[in-house]
Each structure stands twice: as C-alpha cells, then as structure tokens.
>>> print(open('start-v7.csv').read())   # CSV, C-alpha atoms
chain,number,residue,atom,x,y,z
R,948,MET,CA,18.2,-58.6,21.9
R,949,THR,CA,14.8,-59.9,20.8
R,950,TYR,CA,12.3,-59.9,23.6
R,951,ASP,CA,9.6,-62.5,24.0
R,952,TYR,CA,7.1,-59.8,24.9
R,953,ALA,CA,7.0,-56.1,24.4
R,954,ILE,CA,4.4,-54.0,26.1
R,955,ILE,CA,3.6,-50.5,24.9
R,956,GLY,CA,2.5,-48.3,27.8
R,957,GLY,CA,3.7,-47.9,31.4
R,958,GLY,CA,0.4,-47.2,33.0
R,959,ILE,CA,-1.2,-49.5,35.6
R,960,ILE,CA,-2.6,-51.9,32.9
R,961,GLY,CA,0.7,-52.3,31.0
R,962,LEU,CA,2.5,-52.7,34.3
R,963,SER,CA,0.0,-55.3,35.5
R,964,VAL,CA,0.4,-57.3,32.3
R,965,GLY,CA,4.2,-57.1,32.7
R,966,MET,CA,4.0,-58.2,36.3
R,967,GLU,CA,1.8,-61.2,35.5
R,968,LEU,CA,4.0,-62.2,32.5
R,969,THR,CA,7.2,-62.1,34.6
R,970,LYS,CA,5.5,-64.1,37.3
R,971,LYS,CA,3.8,-66.7,35.2
R,972,HIS,CA,6.6,-67.0,32.6
R,973,PRO,CA,9.8,-66.3,34.4
R,974,GLU,CA,11.8,-67.8,31.6
R,975,ALA,CA,10.5,-65.1,29.1
R,976,SER,CA,12.1,-61.8,28.4
R,977,VAL,CA,9.7,-58.8,28.9
R,978,VAL,CA,10.1,-55.1,28.2
R,979,ILE,CA,7.7,-52.2,28.8
R,980,LEU,CA,8.1,-49.2,26.5
R,981,GLU,CA,6.9,-46.0,28.0
R,982,LYS,CA,7.1,-42.7,26.1
R,983,GLU,CA,7.2,-40.6,29.3
R,984,SER,CA,10.2,-40.1,31.7
R,985,ALA,CA,8.2,-41.9,34.5
R,986,ILE,CA,5.5,-44.5,34.8
R,987,SER,CA,1.8,-43.8,35.3
R,988,LEU,CA,1.8,-40.1,34.5
R,989,HIS,CA,-1.6,-40.0,32.7
R,990,GLN,CA,-4.8,-41.9,33.5
R,991,THR,CA,-3.3,-43.9,36.4
R,992,GLY,CA,-1.7,-40.8,38.0
R,993,ARG,CA,-4.6,-38.5,37.5
R,994,ASN,CA,-7.6,-40.5,38.6
R,995,SER,CA,-9.5,-40.0,41.9
R,996,GLY,CA,-8.0,-43.1,43.6
R,997,VAL,CA,-11.3,-44.9,44.1
R,998,ILE,CA,-11.2,-48.7,44.6
R,999,HIS,CA,-14.5,-49.4,42.8
R,1000,SER,CA,-17.1,-52.0,43.7
R,1001,GLY,CA,-18.5,-52.8,40.2
R,1002,ILE,CA,-22.0,-51.8,41.1
R,1003,TYR,CA,-22.7,-49.7,37.9
R,1004,TYR,CA,-21.7,-52.3,35.3
R,1005,LYS,CA,-23.9,-54.7,33.3
R,1006,PRO,CA,-24.2,-58.0,35.1
R,1007,GLY,CA,-22.1,-60.6,33.3
R,1008,SER,CA,-19.8,-58.0,31.7
R,1009,LEU,CA,-16.0,-58.1,32.0
R,1010,LYS,CA,-16.2,-54.8,33.9
R,1011,ALA,CA,-18.6,-56.2,36.5
R,1012,GLU,CA,-16.7,-59.4,37.0
R,1013,LEU,CA,-13.2,-58.0,37.0
R,1014,ALA,CA,-14.1,-55.0,39.1
R,1015,ARG,CA,-15.7,-57.2,41.8
R,1016,LYS,CA,-12.9,-59.7,41.8
R,1017,GLY,CA,-10.2,-57.1,41.3
R,1018,ASN,CA,-11.4,-55.1,44.2
R,1019,LYS,CA,-10.6,-57.8,46.7
R,1020,GLN,CA,-7.4,-58.7,44.9
R,1021,LEU,CA,-6.2,-55.1,45.0
R,1022,VAL,CA,-6.9,-54.8,48.7
R,1023,ASP,CA,-5.0,-58.0,49.4
R,1024,PHE,CA,-2.1,-56.7,47.3
R,1025,CYS,CA,-2.0,-53.4,49.3
R,1026,LYS,CA,-2.0,-55.4,52.5
R,1027,GLU,CA,0.8,-57.6,51.4
R,1028,HIS,CA,3.0,-54.7,50.2
R,1029,GLN,CA,2.0,-52.2,52.9
R,1030,ILE,CA,0.4,-49.7,50.5
R,1031,ASP,CA,-1.8,-47.2,52.3
R,1032,TYR,CA,-5.5,-47.8,51.5
R,1033,LYS,CA,-8.9,-47.6,53.1
R,1034,VAL,CA,-12.1,-49.5,52.5
R,1035,SER,CA,-14.4,-46.8,53.6
R,1036,GLY,CA,-17.5,-47.6,51.6
R,1037,LYS,CA,-19.6,-45.1,49.7
R,1038,VAL,CA,-23.2,-43.8,49.7
R,1039,ILE,CA,-25.2,-43.3,46.5
R,1040,VAL,CA,-27.7,-40.6,47.3
R,1041,ALA,CA,-31.1,-39.7,45.8
R,1042,THR,CA,-31.9,-36.0,46.3
R,1043,SER,CA,-35.4,-36.1,44.7
R,1044,GLU,CA,-38.4,-38.4,44.4
R,1045,GLU,CA,-37.7,-38.8,40.7
R,1046,GLU,CA,-34.4,-40.5,41.5
R,1047,VAL,CA,-35.8,-43.0,43.9
R,1048,PRO,CA,-36.8,-45.6,41.3
R,1049,LEU,CA,-33.4,-45.2,39.6
R,1050,LEU,CA,-31.7,-45.8,42.9
R,1051,GLU,CA,-33.8,-49.0,43.3
R,1052,ASP,CA,-32.7,-50.2,39.9
R,1053,LEU,CA,-29.1,-49.6,40.9
R,1054,TYR,CA,-29.6,-51.5,44.1
R,1055,GLN,CA,-31.0,-54.5,42.2
R,1056,ARG,CA,-28.0,-54.3,39.8
R,1057,GLY,CA,-25.7,-54.4,42.8
R,1058,LEU,CA,-27.3,-57.6,44.0
R,1059,GLU,CA,-27.0,-59.1,40.5
R,1060,ASN,CA,-23.4,-58.2,40.6
R,1061,GLN,CA,-23.0,-60.2,43.9
R,1062,LEU,CA,-22.3,-57.1,46.0
R,1063,ALA,CA,-23.2,-56.6,49.6
R,1064,VAL,CA,-25.2,-53.4,48.9
R,1065,GLU,CA,-27.5,-52.0,51.6
R,1066,LYS,CA,-30.5,-49.7,51.5
R,1067,ILE,CA,-30.2,-47.1,54.2
R,1068,SER,CA,-32.7,-44.7,55.7
R,1069,THR,CA,-32.5,-40.9,55.8
R,1070,GLU,CA,-31.4,-41.2,59.5
R,1071,GLU,CA,-28.7,-43.7,58.6
R,1072,LEU,CA,-27.5,-41.5,55.8
R,1073,ARG,CA,-27.3,-38.6,58.2
R,1074,ARG,CA,-25.1,-40.7,60.5
R,1075,ALA,CA,-22.8,-41.7,57.7
R,1076,GLU,CA,-22.7,-38.2,56.0
R,1077,PRO,CA,-24.2,-35.6,58.3
R,1078,HIS,CA,-24.1,-32.7,55.8
R,1079,VAL,CA,-25.7,-34.5,52.8
R,1080,ASN,CA,-29.0,-33.4,51.5
R,1081,GLY,CA,-30.7,-36.7,50.5
R,1082,ILE,CA,-34.0,-38.5,50.9
R,1083,THR,CA,-32.7,-42.0,50.6
R,1084,ALA,CA,-29.5,-43.8,49.7
R,1085,ILE,CA,-27.8,-47.1,49.3
R,1086,LYS,CA,-24.4,-48.0,50.8
R,1087,VAL,CA,-21.7,-49.9,49.0
R,1088,PRO,CA,-19.3,-51.2,51.7
R,1089,SER,CA,-16.6,-52.5,49.4
R,1090,THR,CA,-15.7,-49.2,47.8
R,1091,GLY,CA,-12.3,-47.8,49.0
R,1092,ILE,CA,-9.5,-45.4,48.2
R,1093,VAL,CA,-5.8,-45.8,47.4
R,1094,ASP,CA,-3.0,-43.9,45.6
R,1095,TYR,CA,-2.7,-45.8,42.3
R,1096,ARG,CA,0.7,-44.4,41.7
R,1097,GLN,CA,2.0,-46.3,44.7
R,1098,VAL,CA,0.3,-49.5,43.4
R,1099,SER,CA,2.0,-48.9,40.0
R,1100,LYS,CA,5.3,-48.4,41.7
R,1101,GLN,CA,5.0,-51.8,43.4
R,1102,PHE,CA,4.0,-53.4,40.0
R,1103,SER,CA,7.1,-51.9,38.5
R,1104,ALA,CA,9.3,-53.2,41.3
R,1105,ALA,CA,7.9,-56.7,40.8
R,1106,ILE,CA,8.7,-56.6,37.1
R,1107,THR,CA,12.3,-55.6,37.6
R,1108,GLU,CA,12.8,-58.0,40.4
R,1109,ASN,CA,11.6,-60.8,38.1
R,1110,GLY,CA,14.0,-59.8,35.4
R,1111,GLY,CA,11.8,-57.6,33.2
R,1112,ASP,CA,12.9,-54.3,31.7
R,1113,ILE,CA,11.2,-50.9,31.7
R,1114,SER,CA,12.4,-48.5,29.1
R,1115,LEU,CA,11.4,-44.9,29.8
R,1116,ASP,CA,11.5,-42.0,27.3
R,1117,THR,CA,10.8,-44.6,24.6
R,1118,GLU,CA,8.1,-43.7,22.1
R,1119,VAL,CA,6.9,-46.2,19.5
R,1120,LYS,CA,6.8,-44.6,16.0
R,1121,ASP,CA,6.0,-47.5,13.8
R,1122,ILE,CA,5.2,-51.3,13.9
R,1123,THR,CA,6.1,-53.9,11.3
R,1124,PHE,CA,5.8,-57.7,11.3
R,1125,GLU,CA,8.9,-59.3,9.9
R,1126,GLN,CA,10.1,-63.0,9.8
R,1127,GLY,CA,8.1,-64.1,12.8
R,1128,ASN,CA,9.0,-61.1,14.9
R,1129,VAL,CA,7.4,-57.7,15.6
R,1130,GLU,CA,9.7,-54.7,14.9
R,1131,LEU,CA,9.0,-51.6,16.9
R,1132,SER,CA,10.6,-48.5,15.6
R,1133,THR,CA,11.1,-46.1,18.5
R,1134,ASN,CA,12.9,-42.7,19.1
R,1135,LYS,CA,15.7,-44.8,20.5
R,1136,GLY,CA,16.0,-47.3,17.7
R,1137,THR,CA,14.4,-50.6,16.9
R,1138,VAL,CA,13.0,-53.1,19.5
R,1139,GLU,CA,12.2,-56.6,18.4
R,1140,SER,CA,9.8,-58.9,20.1
R,1141,ARG,CA,8.0,-62.2,19.4
R,1142,PHE,CA,4.7,-60.8,20.7
R,1143,LEU,CA,3.3,-57.3,21.2
R,1144,ILE,CA,0.8,-56.1,23.9
R,1145,ASN,CA,-0.7,-52.7,23.4
R,1146,CYS,CA,-1.7,-51.0,26.6
R,1147,ALA,CA,-1.2,-47.4,25.3
R,1148,GLY,CA,-4.4,-46.0,26.9
R,1149,LEU,CA,-5.2,-42.7,25.2
R,1150,PHE,CA,-3.3,-43.8,22.1
R,1151,SER,CA,-4.3,-47.5,22.0
R,1152,ASP,CA,-6.4,-47.1,18.9
R,1153,ARG,CA,-3.5,-45.5,17.0
R,1154,ILE,CA,-1.0,-48.2,18.1
R,1155,ALA,CA,-3.5,-50.8,16.9
R,1156,GLN,CA,-3.7,-49.0,13.5
R,1157,MET,CA,0.2,-49.0,13.4
R,1158,ALA,CA,-0.1,-52.8,13.7
R,1159,ASN,CA,-2.6,-52.9,10.8
R,1160,VAL,CA,-5.6,-53.5,13.1
R,1161,MET,CA,-8.6,-51.3,12.3
R,1162,PRO,CA,-10.9,-51.7,15.3
R,1163,ASP,CA,-14.5,-50.4,14.9
R,1164,LEU,CA,-13.8,-47.8,17.6
R,1165,LYS,CA,-11.9,-44.6,18.3
R,1166,ILE,CA,-10.5,-43.2,21.5
R,1167,VAL,CA,-12.3,-39.9,22.1
R,1168,PRO,CA,-10.7,-38.0,25.0
R,1169,PHE,CA,-13.0,-36.6,27.7
R,1170,ARG,CA,-11.5,-34.3,30.3
R,1171,GLY,CA,-12.6,-34.7,33.9
R,1172,GLU,CA,-12.3,-31.4,35.7
R,1173,TYR,CA,-12.2,-31.4,39.5
R,1174,TYR,CA,-12.2,-29.0,42.3
R,1175,GLU,CA,-10.9,-29.5,45.8
R,1176,LEU,CA,-12.5,-28.5,49.1
R,1177,LYS,CA,-10.6,-26.0,51.1
R,1178,PRO,CA,-9.1,-27.6,54.3
R,1179,GLU,CA,-11.4,-25.8,56.6
R,1180,LYS,CA,-14.4,-27.4,54.8
R,1181,GLN,CA,-13.1,-30.9,54.5
R,1182,HIS,CA,-15.2,-32.0,57.5
R,1183,LEU,CA,-18.3,-31.7,55.3
R,1184,VAL,CA,-17.4,-35.0,53.6
R,1185,LYS,CA,-16.7,-38.1,55.7
R,1186,ASN,CA,-15.9,-40.6,52.9
R,1187,LEU,CA,-17.4,-41.0,49.4
R,1188,ILE,CA,-20.7,-39.5,48.2
R,1189,TYR,CA,-22.0,-40.4,44.8
R,1190,PRO,CA,-25.1,-39.3,42.8
R,1191,VAL,CA,-27.7,-41.5,41.2
R,1192,PRO,CA,-26.5,-41.9,37.5
R,1193,ASN,CA,-28.5,-40.0,34.9
R,1194,PRO,CA,-29.9,-42.6,32.5
R,1195,ASP,CA,-30.0,-40.0,29.7
R,1196,PHE,CA,-26.2,-39.2,30.0
R,1197,PRO,CA,-23.3,-41.7,29.7
R,1198,PHE,CA,-21.1,-40.1,32.4
R,1199,LEU,CA,-21.6,-40.4,36.2
R,1200,GLY,CA,-21.8,-36.8,37.4
R,1201,VAL,CA,-20.4,-34.8,40.3
R,1202,HIS,CA,-19.4,-36.7,43.3
R,1203,PHE,CA,-17.3,-36.2,46.5
R,1204,THR,CA,-14.2,-38.3,47.2
R,1205,ARG,CA,-12.1,-38.3,50.3
R,1206,MET,CA,-8.6,-39.2,49.0
R,1207,ILE,CA,-6.1,-41.3,50.9
R,1208,ASP,CA,-4.2,-38.2,51.9
R,1209,GLY,CA,-7.4,-36.6,53.3
R,1210,ARG,CA,-8.1,-34.1,50.5
R,1211,ILE,CA,-11.7,-33.9,49.2
R,1212,LEU,CA,-12.1,-34.0,45.4
R,1213,VAL,CA,-15.4,-32.6,44.0
R,1214,GLY,CA,-16.3,-33.4,40.4
R,1215,PRO,CA,-15.8,-34.2,37.7
R,1216,ASN,CA,-17.2,-32.4,34.7
R,1217,ALA,CA,-16.9,-34.4,31.6
R,1218,VAL,CA,-16.1,-32.3,28.5
R,1219,PHE,CA,-14.6,-33.1,25.1
R,1220,SER,CA,-10.8,-32.5,25.3
R,1221,PHE,CA,-9.1,-30.7,22.4
R,1222,LYS,CA,-6.0,-32.8,23.0
R,1223,ARG,CA,-5.7,-36.5,24.0
R,1224,GLU,CA,-3.5,-35.5,26.9
R,1225,GLY,CA,-5.2,-32.1,27.3
R,1226,TYR,CA,-5.4,-31.4,31.0
R,1227,LYS,CA,-6.0,-27.7,30.7
R,1228,LYS,CA,-8.8,-25.9,28.9
R,1229,SER,CA,-6.2,-24.2,26.7
R,1230,ASP,CA,-4.6,-27.4,25.6
R,1231,PHE,CA,-5.1,-28.0,21.9
R,1232,GLN,CA,-3.7,-30.4,19.3
R,1233,LEU,CA,-5.0,-30.1,15.7
R,1234,LYS,CA,-4.9,-33.8,14.9
R,1235,ASP,CA,-6.6,-34.8,18.1
R,1236,PHE,CA,-9.2,-32.1,17.8
R,1237,PHE,CA,-10.0,-32.7,14.1
R,1238,GLU,CA,-10.0,-36.5,14.4
R,1239,GLY,CA,-12.3,-36.5,17.4
R,1240,LEU,CA,-14.7,-33.8,16.2
R,1241,THR,CA,-15.2,-35.4,12.7
R,1242,TYR,CA,-15.6,-39.0,14.0
R,1243,PRO,CA,-19.2,-40.1,13.2
R,1244,GLY,CA,-19.5,-41.8,16.5
R,1245,PHE,CA,-18.7,-38.6,18.4
R,1246,LEU,CA,-21.1,-36.5,16.3
R,1247,LYS,CA,-23.9,-39.0,17.1
R,1248,LEU,CA,-23.0,-39.1,20.8
R,1249,ALA,CA,-22.9,-35.3,21.0
R,1250,GLY,CA,-26.2,-35.0,19.1
R,1251,GLY,CA,-28.0,-37.5,21.3
R,1252,ASN,CA,-26.8,-35.9,24.5
R,1253,LEU,CA,-26.8,-32.2,23.4
R,1254,SER,CA,-28.7,-30.9,26.5
R,1255,GLU,CA,-26.6,-32.6,29.1
R,1256,GLY,CA,-23.4,-32.0,27.2
R,1257,LEU,CA,-24.1,-28.3,27.1
R,1258,LYS,CA,-24.7,-28.3,30.8
R,1259,GLU,CA,-21.3,-30.0,31.3
R,1260,MET,CA,-19.7,-27.3,29.2
R,1261,VAL,CA,-21.4,-24.5,31.1
R,1262,ARG,CA,-20.2,-26.0,34.4
R,1263,SER,CA,-16.7,-26.2,33.0
R,1264,TYR,CA,-16.5,-22.5,32.3
R,1265,ASN,CA,-19.0,-21.2,35.0
R,1266,LYS,CA,-18.2,-21.9,38.6
R,1267,LYS,CA,-21.6,-20.7,39.7
R,1268,ALA,CA,-23.3,-23.3,37.6
R,1269,PHE,CA,-21.0,-26.0,39.0
R,1270,ILE,CA,-21.6,-25.0,42.6
R,1271,LYS,CA,-25.4,-25.3,42.0
R,1272,GLU,CA,-24.9,-29.0,41.3
R,1273,VAL,CA,-22.6,-29.4,44.3
R,1274,GLN,CA,-25.2,-27.7,46.6
R,1275,ARG,CA,-27.8,-30.2,45.5
R,1276,PHE,CA,-25.9,-32.6,47.8
R,1277,ILE,CA,-24.2,-30.4,50.3
R,1278,PRO,CA,-25.8,-26.9,50.6
R,1279,GLU,CA,-23.1,-25.7,53.1
R,1280,ILE,CA,-20.4,-25.6,50.4
R,1281,GLY,CA,-20.0,-22.1,49.0
R,1282,ILE,CA,-18.4,-20.9,45.8
R,1283,ASP,CA,-15.3,-19.8,47.6
R,1284,ASP,CA,-14.9,-23.2,49.3
R,1285,LEU,CA,-13.7,-24.9,46.1
R,1286,ILE,CA,-10.3,-24.5,44.6
R,1287,PRO,CA,-9.2,-25.9,41.2
R,1288,ALA,CA,-7.6,-29.4,41.3
R,1289,LYS,CA,-5.7,-31.2,38.6
R,1290,ALA,CA,-7.8,-32.7,35.8
R,1291,GLY,CA,-7.6,-36.1,34.2
R,1292,VAL,CA,-8.5,-37.3,30.7
R,1293,ARG,CA,-10.5,-40.5,30.2
R,1294,ALA,CA,-9.6,-42.7,27.3
R,1295,GLN,CA,-13.1,-43.6,26.2
R,1296,ALA,CA,-13.7,-45.7,23.1
R,1297,LEU,CA,-16.7,-44.9,20.9
R,1298,ASP,CA,-18.0,-47.0,18.0
R,1299,GLN,CA,-19.3,-45.6,14.7
R,1300,GLU,CA,-22.9,-45.5,16.0
R,1301,GLY,CA,-22.0,-43.1,18.9
R,1302,ASN,CA,-22.1,-45.8,21.6
R,1303,LEU,CA,-19.6,-45.5,24.4
R,1304,LEU,CA,-18.1,-49.0,24.7
R,1305,ASP,CA,-19.6,-50.3,27.9
R,1306,ASP,CA,-17.0,-53.0,28.5
R,1307,PHE,CA,-13.3,-53.5,28.3
R,1308,ALA,CA,-12.2,-54.2,24.7
R,1309,ILE,CA,-9.3,-56.6,24.2
R,1310,ILE,CA,-8.5,-57.5,20.6
R,1311,HIS,CA,-6.3,-60.4,19.6
R,1312,ASP,CA,-4.6,-60.3,16.2
R,1313,ARG,CA,-1.7,-62.3,14.8
R,1314,ARG,CA,1.3,-61.8,17.1
R,1315,ALA,CA,-0.3,-58.9,19.0
R,1316,LEU,CA,-3.0,-58.2,21.6
R,1317,HIS,CA,-4.5,-54.8,22.0
R,1318,VAL,CA,-6.3,-53.4,25.1
R,1319,CYS,CA,-8.3,-50.8,23.3
R,1320,ASN,CA,-10.9,-49.8,26.0
R,1321,ALA,CA,-9.9,-49.8,29.6
R,1322,PRO,CA,-11.2,-46.7,31.4
R,1323,SER,CA,-12.6,-46.8,34.9
R,1324,PRO,CA,-12.7,-49.3,36.7
R,1325,ALA,CA,-9.6,-50.5,35.0
R,1326,ALA,CA,-7.3,-49.4,37.9
R,1327,THR,CA,-9.4,-51.3,40.4
R,1328,ALA,CA,-9.4,-54.4,38.1
R,1329,SER,CA,-5.8,-54.0,37.0
R,1330,ILE,CA,-4.4,-57.2,38.5
R,1331,LYS,CA,-7.3,-59.2,37.2
R,1332,ILE,CA,-7.0,-57.5,33.7
R,1333,GLY,CA,-3.3,-58.5,33.7
R,1334,GLU,CA,-4.2,-62.1,34.4
R,1335,LYS,CA,-6.9,-62.0,31.8
R,1336,VAL,CA,-4.6,-60.7,29.1
R,1337,VAL,CA,-1.9,-63.3,29.8
R,1338,GLN,CA,-4.5,-66.1,29.9
R,1339,MET,CA,-5.8,-65.0,26.5
R,1340,MET,CA,-2.3,-65.0,25.0
R,1341,ASP,CA,-1.6,-68.5,26.5
R,1342,GLN,CA,-4.8,-69.9,25.1
R,1343,GLU,CA,-3.8,-68.7,21.6
R,1344,LYS,CA,-0.5,-70.5,21.6
>>> encode(input="start-v7.csv", output="structure tokens")
Amino acid sequence: MTYDYAIIGGGIIGLSVGMELTKKHPEASVVILEKESAISLHQTGRNSGVIHSGIYYKPGSLKAELARKGNKQLVDFCKEHQIDYKVSGKVIVATSEEEVPLLEDLYQRGLENQLAVEKISTEELRRAEPHVNGITAIKVPSTGIVDYRQVSKQFSAAITENGGDISLDTEVKDITFEQGNVELSTNKGTVESRFLINCAGLFSDRIAQMANVMPDLKIVPFRGEYYELKPEKQHLVKNLIYPVPNPDFPFLGVHFTRMIDGRILVGPNAVFSFKREGYKKSDFQLKDFFEGLTYPGFLKLAGGNLSEGLKEMVRSYNKKAFIKEVQRFIPEIGIDDLIPAKAGVRAQALDQEGNLLDDFAIIHDRRALHVCNAPSPAATASIKIGEKVVQMMDQEK
C-alpha cells in the first residue's frame, strides 16, 4: 500500500509525530519505520529521565517555549495514562563567589522564560539538600522525573489504537521521489508514502541527505558517561542537583539526578564519540569517526573549547579526576561510592562555524520534513514538538 505519511525513527519524537498525525488526521494512513527491534532504544531510552523546565534556553526560542509548555503537557499525559512520574523540583547550586553572578543571570533568564524560579538561601538549600556544598542556589519547582520509555510505550499504543502501523527491524537505505510519492528503499523492500517525516535522531542528517536535502549542519555524536551512586549512599541526594553552567563550555556539566526508580545518576561527561551509537569507550565506526573528526564545525568547536574539552576527556578515563568534580558539590561521596552506569549519545547538530545549534531545527522540503536537531529537552517537549511538526505540514498544504 501507499501510506499518506511515513515517519523514519521510532524514538519519542517520531512516536509523538505519529500520535499527533493519527489523532488529528484519523483518515490518513501512517507508518513508523524503526531500524531496531524495539522502539526508543537510543536517545529516548538512555537519557536521565528529567522533565525539564526550560530555564537554560534563550527566551523566545523554540526550546524555551516548547519545553515550558511541553513540561505541563507531559505531566498531564502521565496523569491521564497512569505513568509514574514526580515533579520534585531541582536546585541549581553556586559553589564559589565567581559563580554567583552567573547564577543571577540564570535566575533572570528563568523569569524571562515565565518560570516560577526562586532564589533560596544557604539555609534553605541545606533543608532541600542537606549534603550539598553550596553558598547560594535557585530552585526550579517545575522540574521532574519520569521513565521516557514508558511514555514512548504509551505513544506507541495510541498510534496503533488509532490505526497507525509501526514497522520494526526496518532500516531505510535510500529515498527517491517518484510520480508524486516518496519511495523508501528498506531492508524489507520498498515503502511508498505521499509525505516523509525524518525523525532519525543520530542519523537525521544522513536521512536528509538521502532525500537530497543538504542542511548546513552535521550531527556530531557526544557520549554522555554516567556513574551511579551505590545504594548505601543514595541518601546523599534528595532530588535533583545541578551546577551553574560554564559560559565558556557548551555542555552543562556534572549533576545529580534521582531517577524515578530511586537510583541516583551522577554525570555526565561529554566526550566525542567514535561511533554515532557508541555507548562504550571502545566503540568505533570508521565512517562516523572520520566524518565527525574532519567536519570543519567540529574542528572549530574543539579548538575553541580545547581546555574544557581536555578536562572532559581526563574525567572520562580518570575516575579520580571525575570524583574531584563530584566532591565540589557533595564532599561525602568517595571514589568507591560510584559505579559505572549506562551511557547515552547526544545527537548534537553543529554548523560549519563550530556553533552547536542552540534550538530545534525543523527543515521543510518538497514532500518531506526533517527534524534535524532535537537533543534535550526534546523528550520533555515531545508532545508539543509532535503538534508543531503536524502544524507545519498542514500549513504547507
């Protein structure tokens, strides 16, 4: 059959788009093509489970707007479908006088983004997180935690209940536009569709290129490496503890997350991955490695952040260096209190000038739409992103 809509990628964004399409256009035929044997195995299934507030993002950006609105929407969705979640709030902690003005800037940004952020004293911080070493902090009450695999499972159920198809173990190999349709050559044969939506995450730029779209960006994979607190030390973290972002480095830094199952994640490091789905230090894929390392944007990014980048690499291979950063916040955590946890890989888009794209990137072209940059907080904003994508398609008709 020829589908009305074919979605490449069965992560939380592809599933959200599919859910919105089958809801808004129940007469349309929809298929999701996922190369893995199950949905949401990569970014969705390997993130820290945080329901983000949107405090970090530029006011007026899609990230800021969709994270704030998506936060409430996701919480309401979890309530409706009895998905376990918790809106626990988080504290962003300054550990030195040099960080205080940066924390003030972040507080002002939170207000600009219409969030109920609060300045809290050292005493209030101690009550919220008794073991944290901080001189001042802000509290972000709307931050929460959830298992995004459970959210994705419910998205998937909604799609099939509304008549949509999900085709697993189906990898797209080539894309051609013929006689008003899009032909997708897969390992299981050809799938035809009137419209294509690319939600391929770590491979979204390559799918776009298959469709003869050459976006001024490339997905460069960064592995986020985590540790987990041993059970006997989990009492040291009550909820979520975040650092003040380093303005000289484009990644957030080590933080502490109490997961929905009670485990405490500590991390991540952010290091260049030698493979787009490289979750282990030993993972290597020549094409991914060469393509990333020779991309002008990556070379400029690495050169401009050499010092901080080297620190991340050292912390990746030297646990003692990592624990020093951890003890800046919680001195009671010792080197033997951390055990390795599973890593994730962030699908981060870079432009030719070495700038990490600071906003979601959605590219409309002919009979296709490509979501080419949707890292964190995309899971938080997933329902809203699905609505946005479908709205963009409908406006183009």
>>> closest_residue(input="start-v7.csv", among="R:Thr1327, R:Val1022, R:Pro1243, R:Val1038", to="Asp1163 (chain R)", atoms="all atoms listed in the file")
R:Pro1243
>>> atom_distance(input="start-v7.csv", atom1="CA of Ala1325 (chain R)", atom2="CA of Asn1193 (chain R)")
21.6 Å
>>> atom_distance(input="start-v7.csv", atom1="CA of Gly1225 (chain R)", atom2="CA of Tyr1004 (chain R)")
27.3 Å
>>> atom_distance(input="start-v7.csv", atom1="CA of Val1079 (chain R)", atom2="CA of Phe1276 (chain R)")
5.4 Å
>>> residues_around(input="start-v7.csv", residues="Lys1331 (chain R)", least_positions_apart="3", cutoff="8 Å", atoms="only C-alpha atoms", output="list of chain:residue names")
R:Leu1013, R:Lys1016, R:Gly1017, R:Gln1020, R:Ala1328, R:Glu1334, R:Lys1335
>>> closest_atom_pairs(input="start-v7.csv", of="region 1182-1236 of chain R", to="region 1140-1159 of chain R", cutoff="12 Å", atoms="all atoms listed in the file", output="Markdown table")
| residue | atom | partner | partner_atom | distance |
| --- | --- | --- | --- | --- |
| R:Ser1220 | CA | R:Leu1149 | CA | 11.6 |
| R:Lys1222 | CA | R:Leu1149 | CA | 10.2 |
| R:Arg1223 | CA | R:Leu1149 | CA | 6.3 |
| R:Glu1224 | CA | R:Leu1149 | CA | 7.6 |
| R:Gly1225 | CA | R:Leu1149 | CA | 10.8 |
| R:Lys1234 | CA | R:Arg1153 | CA | 12.0 |
| R:Asp1235 | CA | R:Phe1150 | CA | 10.4 |
>>> write_last_selection(input="start-v7.csv", atoms="C-alpha atoms", output="tab-separated table (two decimals), keeping the file's coordinate frame")
chain	number	residue	atom	x	y	z
R	1220	SER	CA	-10.80	-32.50	25.30
R	1222	LYS	CA	-6.00	-32.80	23.00
R	1223	ARG	CA	-5.70	-36.50	24.00
R	1224	GLU	CA	-3.50	-35.50	26.90
R	1225	GLY	CA	-5.20	-32.10	27.30
R	1234	LYS	CA	-4.90	-33.80	14.90
R	1235	ASP	CA	-6.60	-34.80	18.10
>>> closest_atom_pairs(input="start-v7.csv", of="region 1119-1213 of chain R", to="region 1283-1295 of chain R", cutoff="7 Å", atoms="only C-alpha atoms", output="JSON lines")
{"residue": "R:Gly1148", "atom": "CA", "partner": "R:Ala1294", "partner_atom": "CA", "distance": 6.2}
{"residue": "R:Leu1149", "atom": "CA", "partner": "R:Ala1294", "partner_atom": "CA", "distance": 4.9}
{"residue": "R:Ile1166", "atom": "CA", "partner": "R:Gln1295", "partner_atom": "CA", "distance": 5.4}
{"residue": "R:Val1167", "atom": "CA", "partner": "R:Gln1295", "partner_atom": "CA", "distance": 5.6}
{"residue": "R:Pro1168", "atom": "CA", "partner": "R:Ala1294", "partner_atom": "CA", "distance": 5.3}
{"residue": "R:Phe1169", "atom": "CA", "partner": "R:Arg1293", "partner_atom": "CA", "distance": 5.3}
{"residue": "R:Arg1170", "atom": "CA", "partner": "R:Val1292", "partner_atom": "CA", "distance": 4.3}
{"residue": "R:Gly1171", "atom": "CA", "partner": "R:Gly1291", "partner_atom": "CA", "distance": 5.2}
{"residue": "R:Glu1172", "atom": "CA", "partner": "R:Ala1290", "partner_atom": "CA", "distance": 4.7}
{"residue": "R:Tyr1173", "atom": "CA", "partner": "R:Ala1288", "partner_atom": "CA", "distance": 5.3}
{"residue": "R:Tyr1174", "atom": "CA", "partner": "R:Pro1287", "partner_atom": "CA", "distance": 4.5}
{"residue": "R:Glu1175", "atom": "CA", "partner": "R:Ile1286", "partner_atom": "CA", "distance": 5.2}
{"residue": "R:Leu1176", "atom": "CA", "partner": "R:Leu1285", "partner_atom": "CA", "distance": 4.8}
{"residue": "R:Lys1177", "atom": "CA", "partner": "R:Asp1284", "partner_atom": "CA", "distance": 5.4}
{"residue": "R:Lys1180", "atom": "CA", "partner": "R:Asp1284", "partner_atom": "CA", "distance": 6.9}
>>> residues_near_point(input="start-v7.csv", point="(4.9, -51.7, 44.8)", cutoff="9 Å", atoms="all atoms listed in the file", output="list in words")
Phe1024, Cys1025, His1028, Gln1029, Ile1030, Arg1096, Gln1097, Val1098, Ser1099, Lys1100, Gln1101, Phe1102, Ser1103, Ala1104 and Ala1105 of chain R
>>> closest_residue(input="start-v7.csv", among="R:Lys982, R:Tyr1095, R:Ile1188, R:Leu1253", to="Ser963 (chain R)", atoms="all atoms listed in the file")
R:Tyr1095
>>> residues_around(input="start-v7.csv", residues="Val1337 (chain R)", least_positions_apart="3", cutoff="9 Å", atoms="only C-alpha atoms", output="list in words")
Val964, Glu967, Leu968, Lys971, Ile1332, Gly1333, Glu1334, Met1340, Asp1341 and Gln1342 of chain R
